[in-house]
>>> print(open('my_file.cif').read())   # mmCIF, C-alpha atoms and all ligand atoms
data_data
#
loop_
_atom_site.label_atom_id
_atom_site.label_comp_id
_atom_site.auth_asym_id
_atom_site.auth_seq_id
_atom_site.Cartn_x
_atom_site.Cartn_y
_atom_site.Cartn_z
CA MET A 1 59.26 8.15 54.63
CA TYR A 2 56.91 6.98 51.89
CA LEU A 3 58.51 8.87 49.01
CA PRO A 4 61.44 11.26 49.11
CA ASN A 5 60.72 14.99 48.95
CA LYS A 6 63.19 15.55 46.18
CA ARG A 7 63.02 14.02 42.73
CA PRO A 8 66.12 11.86 42.26
CA ASP A 9 68.38 13.18 39.49
CA ASP A 10 68.26 9.87 37.65
CA MET A 11 64.44 9.49 37.73
CA GLU A 12 63.27 8.81 34.19
CA ARG A 13 60.71 11.19 32.72
CA ILE A 14 57.36 9.39 32.16
CA THR A 15 56.61 10.03 28.51
CA THR A 16 55.08 6.78 27.20
CA PRO A 17 52.16 4.50 28.14
CA GLU A 18 54.71 1.75 28.99
CA LEU A 19 56.60 3.96 31.43
CA ALA A 20 53.26 5.08 32.89
CA GLN A 21 52.19 1.45 33.40
CA ALA A 22 55.44 0.69 35.20
CA PHE A 23 54.91 3.75 37.44
CA ILE A 24 51.31 2.71 38.16
CA GLU A 25 52.29 -0.84 39.09
CA LYS A 26 55.00 0.41 41.43
CA GLN A 27 52.69 2.97 43.06
CA VAL A 28 49.85 0.46 43.45
CA LYS A 29 52.22 -1.77 45.45
CA LEU A 30 53.60 1.13 47.48
CA VAL A 31 50.12 2.43 48.31
CA GLN A 32 48.93 -1.06 49.30
CA GLU A 33 51.97 -1.44 51.56
CA GLN A 34 51.49 1.99 53.11
CA VAL A 35 47.75 1.73 53.66
CA GLY A 36 47.33 -1.96 54.55
CA ASP A 37 43.66 -2.52 55.41
CA LYS A 38 43.10 1.08 56.62
CA LYS A 39 40.84 3.69 55.03
CA VAL A 40 41.82 6.68 52.91
CA LEU A 41 40.01 9.95 52.27
CA LEU A 42 40.41 12.13 49.18
CA ALA A 43 39.03 15.54 48.27
CA LEU A 44 38.10 15.00 44.65
CA SER A 45 37.69 18.34 42.89
CA GLY A 46 37.59 16.84 39.42
CA GLY A 47 40.82 18.58 38.42
CA VAL A 48 43.52 16.57 36.69
CA ASP A 49 45.66 15.85 39.76
CA SER A 50 42.93 14.76 42.18
CA SER A 51 41.24 12.71 39.43
CA VAL A 52 44.45 10.84 38.60
CA VAL A 53 45.06 10.15 42.31
CA ALA A 54 41.48 8.88 42.62
CA ALA A 55 41.86 6.52 39.65
CA LEU A 56 45.20 5.25 40.94
CA LEU A 57 43.87 4.65 44.46
CA ILE A 58 40.69 2.97 43.21
CA LYS A 59 42.99 0.57 41.36
CA ALA A 60 45.16 0.04 44.44
CA ILE A 61 42.66 -0.12 47.29
CA GLY A 62 39.14 0.04 45.79
CA LYS A 63 36.49 0.67 48.43
CA GLN A 64 39.03 1.51 51.14
CA LEU A 65 39.07 4.91 49.43
CA THR A 66 36.32 7.44 50.11
CA CYS A 67 36.20 10.45 47.79
CA VAL A 68 34.47 13.65 48.85
CA HIS A 69 33.41 16.07 46.14
CA VAL A 70 32.45 19.48 47.49
CA ASN A 71 30.47 21.60 45.06
CA HIS A 72 31.02 25.18 46.21
CA GLY A 73 28.62 26.45 43.58
CA LEU A 74 31.51 27.96 41.64
CA MET A 75 32.14 25.02 39.32
CA ARG A 76 31.82 25.26 35.56
CA LYS A 77 28.68 23.99 33.88
CA ASN A 78 28.10 20.22 34.36
CA GLU A 79 31.42 19.79 36.15
CA SER A 80 30.14 18.18 39.35
CA GLU A 81 27.79 15.98 37.33
CA SER A 82 30.68 14.63 35.28
CA VAL A 83 32.73 13.88 38.43
CA ILE A 84 29.83 11.80 39.74
CA GLU A 85 29.32 10.13 36.38
CA MET A 86 32.95 9.21 35.92
CA PHE A 87 33.92 8.07 39.40
CA GLN A 88 30.70 6.85 41.02
CA ASN A 89 28.97 5.38 37.99
CA GLY A 90 32.03 4.61 35.84
CA MET A 91 34.52 3.36 38.44
CA ASP A 92 32.20 2.30 41.25
CA ALA A 93 34.03 4.58 43.71
CA ASN A 94 32.82 5.42 47.20
CA LEU A 95 31.87 9.02 46.53
CA ILE A 96 30.24 11.52 48.85
CA TYR A 97 28.76 14.50 47.03
CA VAL A 98 28.25 17.66 49.07
CA ASP A 99 26.28 20.48 47.48
CA ALA A 100 27.40 23.49 49.52
CA THR A 101 26.34 26.10 46.97
CA ASP A 102 23.95 28.03 49.23
CA HIS A 103 26.44 28.00 52.07
CA PHE A 104 29.31 29.41 49.99
CA LEU A 105 27.24 31.99 48.15
CA GLY A 106 25.77 33.12 51.47
CA LEU A 107 29.24 33.70 52.92
CA LEU A 108 30.41 35.48 49.78
CA ALA A 109 27.40 37.81 49.51
CA GLY A 110 28.58 41.41 49.37
CA VAL A 111 32.29 40.51 49.45
CA SER A 112 34.13 42.23 46.60
CA ASP A 113 37.81 42.06 47.57
CA PRO A 114 39.43 39.22 45.54
CA GLU A 115 41.81 38.08 48.24
CA ARG A 116 39.02 38.01 50.81
CA LYS A 117 36.90 35.99 48.39
CA ARG A 118 39.80 33.55 47.95
CA LYS A 119 40.32 33.26 51.70
CA ILE A 120 36.63 32.63 52.36
CA ILE A 121 36.40 30.00 49.63
CA GLY A 122 39.64 28.28 50.67
CA LYS A 123 38.85 28.30 54.39
CA GLU A 124 35.26 27.20 53.92
CA PHE A 125 36.29 24.45 51.56
CA ILE A 126 38.44 23.00 54.32
CA THR A 127 35.66 23.41 56.90
CA VAL A 128 33.07 21.61 54.74
CA PHE A 129 35.54 18.86 53.88
CA ALA A 130 36.60 18.50 57.55
CA ASP A 131 32.94 18.24 58.62
CA GLU A 132 32.48 15.37 56.17
CA ALA A 133 35.71 13.74 57.37
CA ARG A 134 34.49 13.85 61.00
CA LYS A 135 31.31 12.02 60.02
CA LEU A 136 33.35 9.12 58.63
CA GLU A 137 34.84 6.51 60.92
CA ASP A 138 38.29 4.96 60.98
CA ILE A 139 39.96 7.13 58.39
CA THR A 140 43.73 6.96 58.80
CA PHE A 141 45.04 8.49 55.60
CA LEU A 142 44.42 11.59 53.54
CA ALA A 143 45.30 11.32 49.85
CA GLN A 144 46.32 14.46 48.00
CA GLY A 145 47.01 15.31 44.40
CA THR A 146 50.27 17.05 45.28
CA ILE A 147 52.64 17.16 42.31
CA TYR A 148 56.32 18.12 42.06
CA PRO A 149 55.82 21.82 41.17
CA ASP A 150 53.73 22.16 44.38
CA ILE A 151 56.66 20.80 46.36
CA LEU A 152 59.08 23.14 44.59
CA GLU A 153 56.71 26.04 45.28
CA SER A 154 56.61 25.26 49.01
CA ILE A 155 60.39 25.08 49.04
CA GLU A 156 60.45 28.57 47.44
CA ALA A 157 57.82 29.86 49.85
CA ALA A 158 59.87 28.55 52.77
CA ALA A 159 62.83 30.44 51.31
CA GLY A 160 60.79 33.65 51.59
CA LYS A 161 59.81 34.28 47.95
CA LYS A 162 56.66 36.34 47.68
CA ALA A 163 53.52 34.99 45.98
CA VAL A 164 51.34 37.35 43.90
CA LYS A 165 48.10 35.57 44.78
CA SER A 166 47.31 33.11 47.55
CA HIS A 167 46.53 29.76 45.90
CA HIS A 168 44.30 27.48 47.90
CA ASN A 169 44.39 23.73 48.30
CA VAL A 170 43.26 21.18 50.86
CA GLY A 171 46.25 21.57 53.19
CA GLY A 172 45.75 23.02 56.65
CA LEU A 173 43.04 20.73 58.06
CA PRO A 174 42.02 21.42 61.69
CA GLU A 175 44.17 20.05 64.51
CA ASP A 176 41.72 17.30 65.54
CA LEU A 177 41.98 15.69 62.12
CA LYS A 178 45.37 14.10 62.00
CA PHE A 179 45.88 12.04 58.90
CA GLU A 180 48.92 10.48 57.37
CA LEU A 181 49.40 11.64 53.80
CA VAL A 182 49.24 9.52 50.67
CA GLU A 183 50.70 11.48 47.77
CA PRO A 184 51.54 9.10 44.93
CA LEU A 185 52.11 11.86 42.35
CA ARG A 186 54.40 14.01 44.45
CA LEU A 187 57.49 13.49 42.29
CA LEU A 188 55.74 13.95 38.94
CA TYR A 189 55.52 16.95 36.66
CA LYS A 190 52.15 17.83 35.15
CA ASP A 191 52.89 16.31 31.73
CA GLU A 192 53.75 13.02 33.44
CA VAL A 193 50.55 13.09 35.50
CA ARG A 194 48.59 13.34 32.24
CA VAL A 195 50.38 10.34 30.70
CA VAL A 196 49.69 8.35 33.88
CA GLY A 197 46.04 9.48 33.85
CA GLU A 198 45.51 8.21 30.31
CA ALA A 199 47.22 4.93 31.17
CA LEU A 200 44.72 4.58 34.03
CA GLY A 201 41.88 4.86 31.52
CA LEU A 202 40.75 8.43 32.23
CA PRO A 203 39.36 10.17 29.13
CA HIS A 204 41.71 12.40 27.11
CA SER A 205 39.41 15.42 27.55
CA MET A 206 39.64 15.05 31.32
CA VAL A 207 43.36 14.48 31.51
CA TYR A 208 44.19 17.36 29.15
CA ARG A 209 41.63 19.78 30.51
CA GLN A 210 42.81 23.32 31.03
CA PRO A 211 43.73 24.42 34.55
CA PHE A 212 40.89 25.73 36.66
CA PRO A 213 41.59 27.75 39.82
CA GLY A 214 40.50 26.40 43.21
CA PRO A 215 38.15 29.36 43.82
CA GLY A 216 36.61 28.52 40.46
CA LEU A 217 34.18 30.95 38.88
CA GLY A 218 34.35 32.90 42.14
CA VAL A 219 37.33 34.88 40.83
CA ARG A 220 35.76 35.33 37.40
CA CYS A 221 32.45 36.74 38.63
CA LEU A 222 34.29 39.97 39.38
CA GLY A 223 33.57 41.94 42.53
CA ALA A 224 30.73 40.87 44.81
CA ILE A 225 29.20 37.65 43.45
CA THR A 226 25.49 37.56 42.69
CA ARG A 227 23.59 34.46 41.61
CA ASP A 228 22.27 35.96 38.39
CA ARG A 229 25.67 37.20 37.22
CA LEU A 230 27.32 33.92 38.27
CA GLU A 231 24.74 31.98 36.24
CA ALA A 232 25.32 34.25 33.22
CA LEU A 233 29.07 33.68 33.55
CA ARG A 234 28.63 29.89 33.79
CA GLU A 235 26.48 29.80 30.64
CA ALA A 236 28.76 32.13 28.65
CA ASP A 237 31.81 30.10 29.71
CA ALA A 238 30.12 26.87 28.59
CA ILE A 239 29.46 28.39 25.15
CA LEU A 240 33.07 29.56 24.84
CA ARG A 241 34.36 26.09 25.76
CA GLU A 242 31.96 24.37 23.38
CA GLU A 243 33.05 26.59 20.48
CA PHE A 244 36.76 26.20 21.29
CA ASP A 245 36.28 22.42 21.32
CA LYS A 246 34.37 22.43 18.05
CA ASN A 247 36.92 24.62 16.30
CA GLY A 248 40.05 22.78 17.43
CA LEU A 249 41.17 25.66 19.67
CA ALA A 250 40.92 23.72 22.92
CA GLU A 251 44.09 21.80 21.98
CA LYS A 252 45.99 24.95 21.01
CA VAL A 253 45.12 27.37 23.79
CA TRP A 254 46.45 26.73 27.30
CA GLN A 255 43.70 28.52 29.21
CA TYR A 256 40.53 30.22 28.00
CA PHE A 257 37.58 31.48 29.95
CA ILE A 258 35.05 34.23 30.48
CA ALA A 259 35.09 36.86 33.21
CA VAL A 260 32.01 38.99 33.91
CA PRO A 261 32.54 42.35 35.64
CA ASP A 262 29.99 44.06 37.82
CA ILE A 263 29.15 46.80 35.31
CA LYS A 264 26.22 47.23 33.01
CA SER A 265 25.94 48.92 29.65
CA VAL A 266 22.96 49.88 27.58
CA GLY A 267 21.85 47.70 24.70
CA VAL A 268 18.76 47.20 22.58
CA LYS A 269 16.61 44.09 22.47
CA ASP A 270 13.19 43.72 20.85
CA GLU A 271 13.31 47.45 20.12
CA SER A 272 13.65 48.42 23.76
CA ARG A 273 16.44 49.39 26.10
CA TYR A 274 18.26 46.36 27.52
CA GLU A 275 20.90 46.77 30.20
CA GLY A 276 23.36 43.93 30.53
CA TRP A 277 26.84 42.86 31.64
CA PRO A 278 29.76 42.41 29.27
CA ALA A 279 31.37 38.97 28.94
CA ILE A 280 35.17 39.25 28.66
CA ILE A 281 37.00 36.54 26.70
CA ARG A 282 40.50 35.67 27.92
CA ALA A 283 42.53 33.16 25.89
CA ILE A 284 46.21 32.79 26.71
CA ASN A 285 49.19 30.58 26.07
CA THR A 286 51.96 29.95 28.55
CA LYS A 287 54.49 27.36 29.62
CA ASP A 288 54.39 27.80 33.36
CA ALA A 289 51.67 30.44 34.06
CA MET A 290 54.37 32.91 35.15
CA THR A 291 54.19 34.78 31.85
CA ALA A 292 51.50 34.50 29.19
CA THR A 293 50.92 35.56 25.59
CA ILE A 294 47.65 36.17 23.80
CA GLU A 295 46.36 33.52 21.45
CA GLU A 296 44.89 34.90 18.24
CA ILE A 297 41.35 33.68 17.69
CA PRO A 298 40.05 33.91 14.11
CA TYR A 299 37.46 36.68 13.76
CA PRO A 300 34.69 34.47 12.31
CA ILE A 301 34.88 32.29 15.43
CA LEU A 302 34.81 35.37 17.67
CA HIS A 303 31.76 36.70 15.79
CA HIS A 304 29.98 33.38 16.21
CA ILE A 305 30.78 33.19 19.94
CA THR A 306 29.62 36.78 20.40
CA ASP A 307 26.41 36.03 18.57
CA ARG A 308 25.69 32.94 20.65
CA ILE A 309 26.52 34.51 24.02
CA THR A 310 24.50 37.67 23.43
CA HIS A 311 21.50 35.71 22.16
CA GLU A 312 21.58 32.70 24.47
CA VAL A 313 22.70 34.10 27.82
CA PRO A 314 20.22 36.22 29.74
CA GLY A 315 21.88 39.30 31.18
CA ILE A 316 24.84 39.53 28.77
CA ASN A 317 24.63 42.17 26.04
CA ARG A 318 28.25 42.65 24.96
CA VAL A 319 31.33 40.49 24.38
CA LEU A 320 34.84 41.91 24.83
CA LEU A 321 38.26 40.42 24.05
CA ASP A 322 41.13 40.84 26.51
CA LEU A 323 44.42 41.32 24.64
CA THR A 324 46.65 41.86 27.67
CA PRO A 325 49.75 39.67 28.08
CA LYS A 326 51.18 38.65 31.47
CA PRO A 327 52.87 40.73 32.62
CA ILE A 328 51.19 43.29 32.82
CA GLY A 329 47.88 41.54 33.42
CA THR A 330 47.71 38.36 35.48
CA ILE A 331 45.88 35.48 33.78
CA GLU A 332 42.83 35.77 36.01
CA TRP A 333 41.19 39.16 36.41
CA GLU A 334 41.14 38.91 40.18
P1 LIG A 401 47.42 34.40 37.60
O1 LIG A 401 46.07 35.01 37.61
O2 LIG A 401 48.14 34.49 38.92
O3 LIG A 401 47.18 32.86 37.36
O4 LIG A 401 48.28 34.89 36.47
C1 LIG A 401 48.19 31.89 37.13
C2 LIG A 401 47.52 30.55 37.07
O5 LIG A 401 47.02 30.20 38.37
C3 LIG A 401 45.61 30.05 38.34
N1 LIG A 401 45.09 30.67 39.56
C4 LIG A 401 44.73 29.98 40.64
N2 LIG A 401 44.73 28.66 40.89
N3 LIG A 401 43.85 29.08 43.04
C5 LIG A 401 44.27 28.21 42.10
O6 LIG A 401 44.24 27.00 42.34
C6 LIG A 401 43.82 30.43 42.87
O7 LIG A 401 43.42 31.16 43.75
C7 LIG A 401 44.29 30.89 41.60
N4 LIG A 401 44.43 32.13 41.07
C8 LIG A 401 44.91 31.97 39.81
C9 LIG A 401 45.14 30.74 37.08
O8 LIG A 401 43.92 30.19 36.60
C10 LIG A 401 46.30 30.50 36.15
O9 LIG A 401 46.26 29.21 35.58
#
>>> encode(input="my_file.cif", output="structure tokens")
Amino acid sequence: MYLPNKRPDDMERITTPELAQAFIEKQVKLVQEQVGDKKVLLALSGGVDSSVVAALLIKAIGKQLTCVHVNHGLMRKNESESVIEMFQNGMDANLIYVDATDHFLGLLAGVSDPERKRKIIGKEFITVFADEARKLEDITFLAQGTIYPDILESIEAAAGKKAVKSHHNVGGLPEDLKFELVEPLRLLYKDEVRVVGEALGLPHSMVYRQPFPGPGLGVRCLGAITRDRLEALREADAILREEFDKNGLAEKVWQYFIAVPDIKSVGVKDESRYEGWPAIIRAINTKDAMTATIEEIPYPILHHITDRITHEVPGINRVLLDLTPKPIGTIEWE
């Protein structure tokens, strides 16, 4: 076994750059021993965990790693571009970029049930990734950004605890694709992954980015997804993030985003009737995403965000603020 499944009781918490360097050196050796001269594949979403695994494996095995970035069309604004910029241009990684936007949006057309949307996105993500994997030759290993809470969650799931929503990841590849796993972060907690990420030279903004669900904007474009509403959501979300960054809120708020429901209200623009969707702001704080409280956003900032979104985003004519803690509301709307 490459690493044990259980974190040893005496394993020191990685809290400093020095401890992170020691972890990196040890993992580089372990990965090199495990992989030898074979090739490794990684689904690189651009999230913290897969990005840190990518940086660690590039350090350990360089071009023996192939990263596949699948853009399902539900990424935030400029997200895929920055994955390409950072890993292909910045770290000279082998990176395959798959733009599957049309494919995903085609499959999702007319589907309004959130769990069905999740299942389609999760299943199709694996299919697209598996298709890419089949095109590559001599891949022996699959790297994954599994971290310790994922392992604890599977232990709980195996013990029969019920999940509220089905979270998707890259597990469950088809039978014909049998890879050995490389999971160098599997004993780390999230805060440790971030310290390791910074020690590997990844930018602070990337390593401390807020969590983003696998189905992406797909569960924030509420109900059946349409391209125009998805685009409006992406633009409004980019404005919210820009303003949170500028006003120092990005560091204080655990997760913040826009959801756009499939309803229209009447507004006025250029002295005529203007029907548009509302953009709903959700900004929460939490420790473990099991419960969440509402973060207070100063009114002047909210006014400014409202002003920008309603003027700059075609199709949006109102901005609403969600004040619901979890429970009773989940963090995402769907
Ligand atoms: P909820 O909405 O269940 O969200 O309160 C808790 C945390 O999980 C994220 N989330 C997901 N992450 N796939 C993911 O990878 C999903 O389908 C999914 N649904 C919710 C959510 O953003 C929050 O951080």
>>> atom_distance(input="my_file.cif", atom1="atom N4 of ligand LIG 401 (chain A)", atom2="CA of Glu132 in chain A")
25.5 Å
>>> closest_residue(input="my_file.cif", among="A:Ser154, A:Thr324, A:Gln210, A:Ser265", to="ligand LIG 401 (chain A)", atoms="all atoms listed in the file")
A:Gln210
>>> residues_around(input="my_file.cif", residues="Thr286 in chain A", least_positions_apart="6", cutoff="9 Å", atoms="all atoms listed in the file", output="list of chain:residue names")
A:Val253, A:Trp254, A:Gln255, A:Ala292, A:Thr293, A:Ile294
>>> residues_around(input="my_file.cif", residues="Thr127 in chain A", least_positions_apart="6", cutoff="12 Å", atoms="all atoms listed in the file", output="PyMOL selection string")
chain A and resi 70+72+100+103-104+120-121+133-134+170-175+177
>>> residues_around(input="my_file.cif", residues="range 240-247 of chain A", least_positions_apart="2", cutoff="9 Å", atoms="all atoms listed in the file", output="MDAnalysis selection string")
chainID A and resid 235:238 249:251 253 256:258 281 301 304:305 309
>>> atom_distance(input="my_file.cif", atom1="CA of Ile61 in chain A", atom2="CA of Val28 in chain A")
8.2 Å
>>> residues_near_ligand(input="my_file.cif", ligand="ligand LIG 401 (chain A)", cutoff="10 Å", atoms="all atoms listed in the file", output="ChimeraX atom specification")
/A:47,114-115,117-119,121-122,163-169,210-216,218-220,254-257,284,286,288-292,325-334
>>> residues_around(input="my_file.cif", residues="Leu105 in chain A", least_positions_apart="3", cutoff="9 Å", atoms="all atoms listed in the file", output="number ranges by chain")
A: 72-74, 100-102, 108-109, 225-227
>>> residues_near_point(input="my_file.cif", point="(49.8, 1.6, 54.2)", cutoff="12 Å", atoms="all atoms listed in the file", output="MDAnalysis selection string")
chainID A and resid 1:2 27:40 57 60:61 64 140:143 180:183
>>> atom_distance(input="my_file.cif", atom1="CA of Asn89 in chain A", atom2="CA of Thr16 in chain A")
28.3 Å
>>> closest_residue(input="my_file.cif", among="A:Glu124, A:Asp191, A:Asp113, A:Asp49", to="Thr146 in chain A", atoms="all atoms listed in the file")
A:Asp49
>>> closest_residue(input="my_file.cif", among="A:Pro278, A:Ile297, A:Pro203, A:Arg76", to="Gly248 in chain A", atoms="only C-alpha atoms")
A:Ile297
>>> residues_near_point(input="my_file.cif", point="(52.8, 7.9, 32.1)", cutoff="9 Å", atoms="all atoms listed in the file", output="list in words")
Arg13, Ile14, Thr15, Thr16, Pro17, Glu18, Leu19, Ala20, Gln21, Ala22, Phe23, Ile24, Asp191, Glu192, Val193, Arg194, Val195, Val196, Gly197, Glu198, Ala199 and Leu200 of chain A
>>> closest_residue(input="my_file.cif", among="A:Leu185, A:Leu217, A:Ala283, A:Val207", to="Asn71 in chain A", atoms="only C-alpha atoms")
A:Leu217
>>> closest_residue(input="my_file.cif", among="A:Tyr148, A:Trp277, A:Phe129, A:Tyr189", to="Asn317 in chain A", atoms="all atoms listed in the file")
A:Trp277
>>> axis_aligned_box(input="my_file.cif", around="range 155-159 of chain A", padding_each_side="4 Å", output="AutoDock Vina command-line options")
--center_x 60.3 --center_y 27.8 --center_z 50.1 --size_x 13.0 --size_y 13.4 --size_z 13.3
>>> closest_residue(input="my_file.cif", among="A:Lys190, A:Lys123, A:Lys287, A:His69", to="Val98 in chain A", atoms="only C-alpha atoms")
A:His69
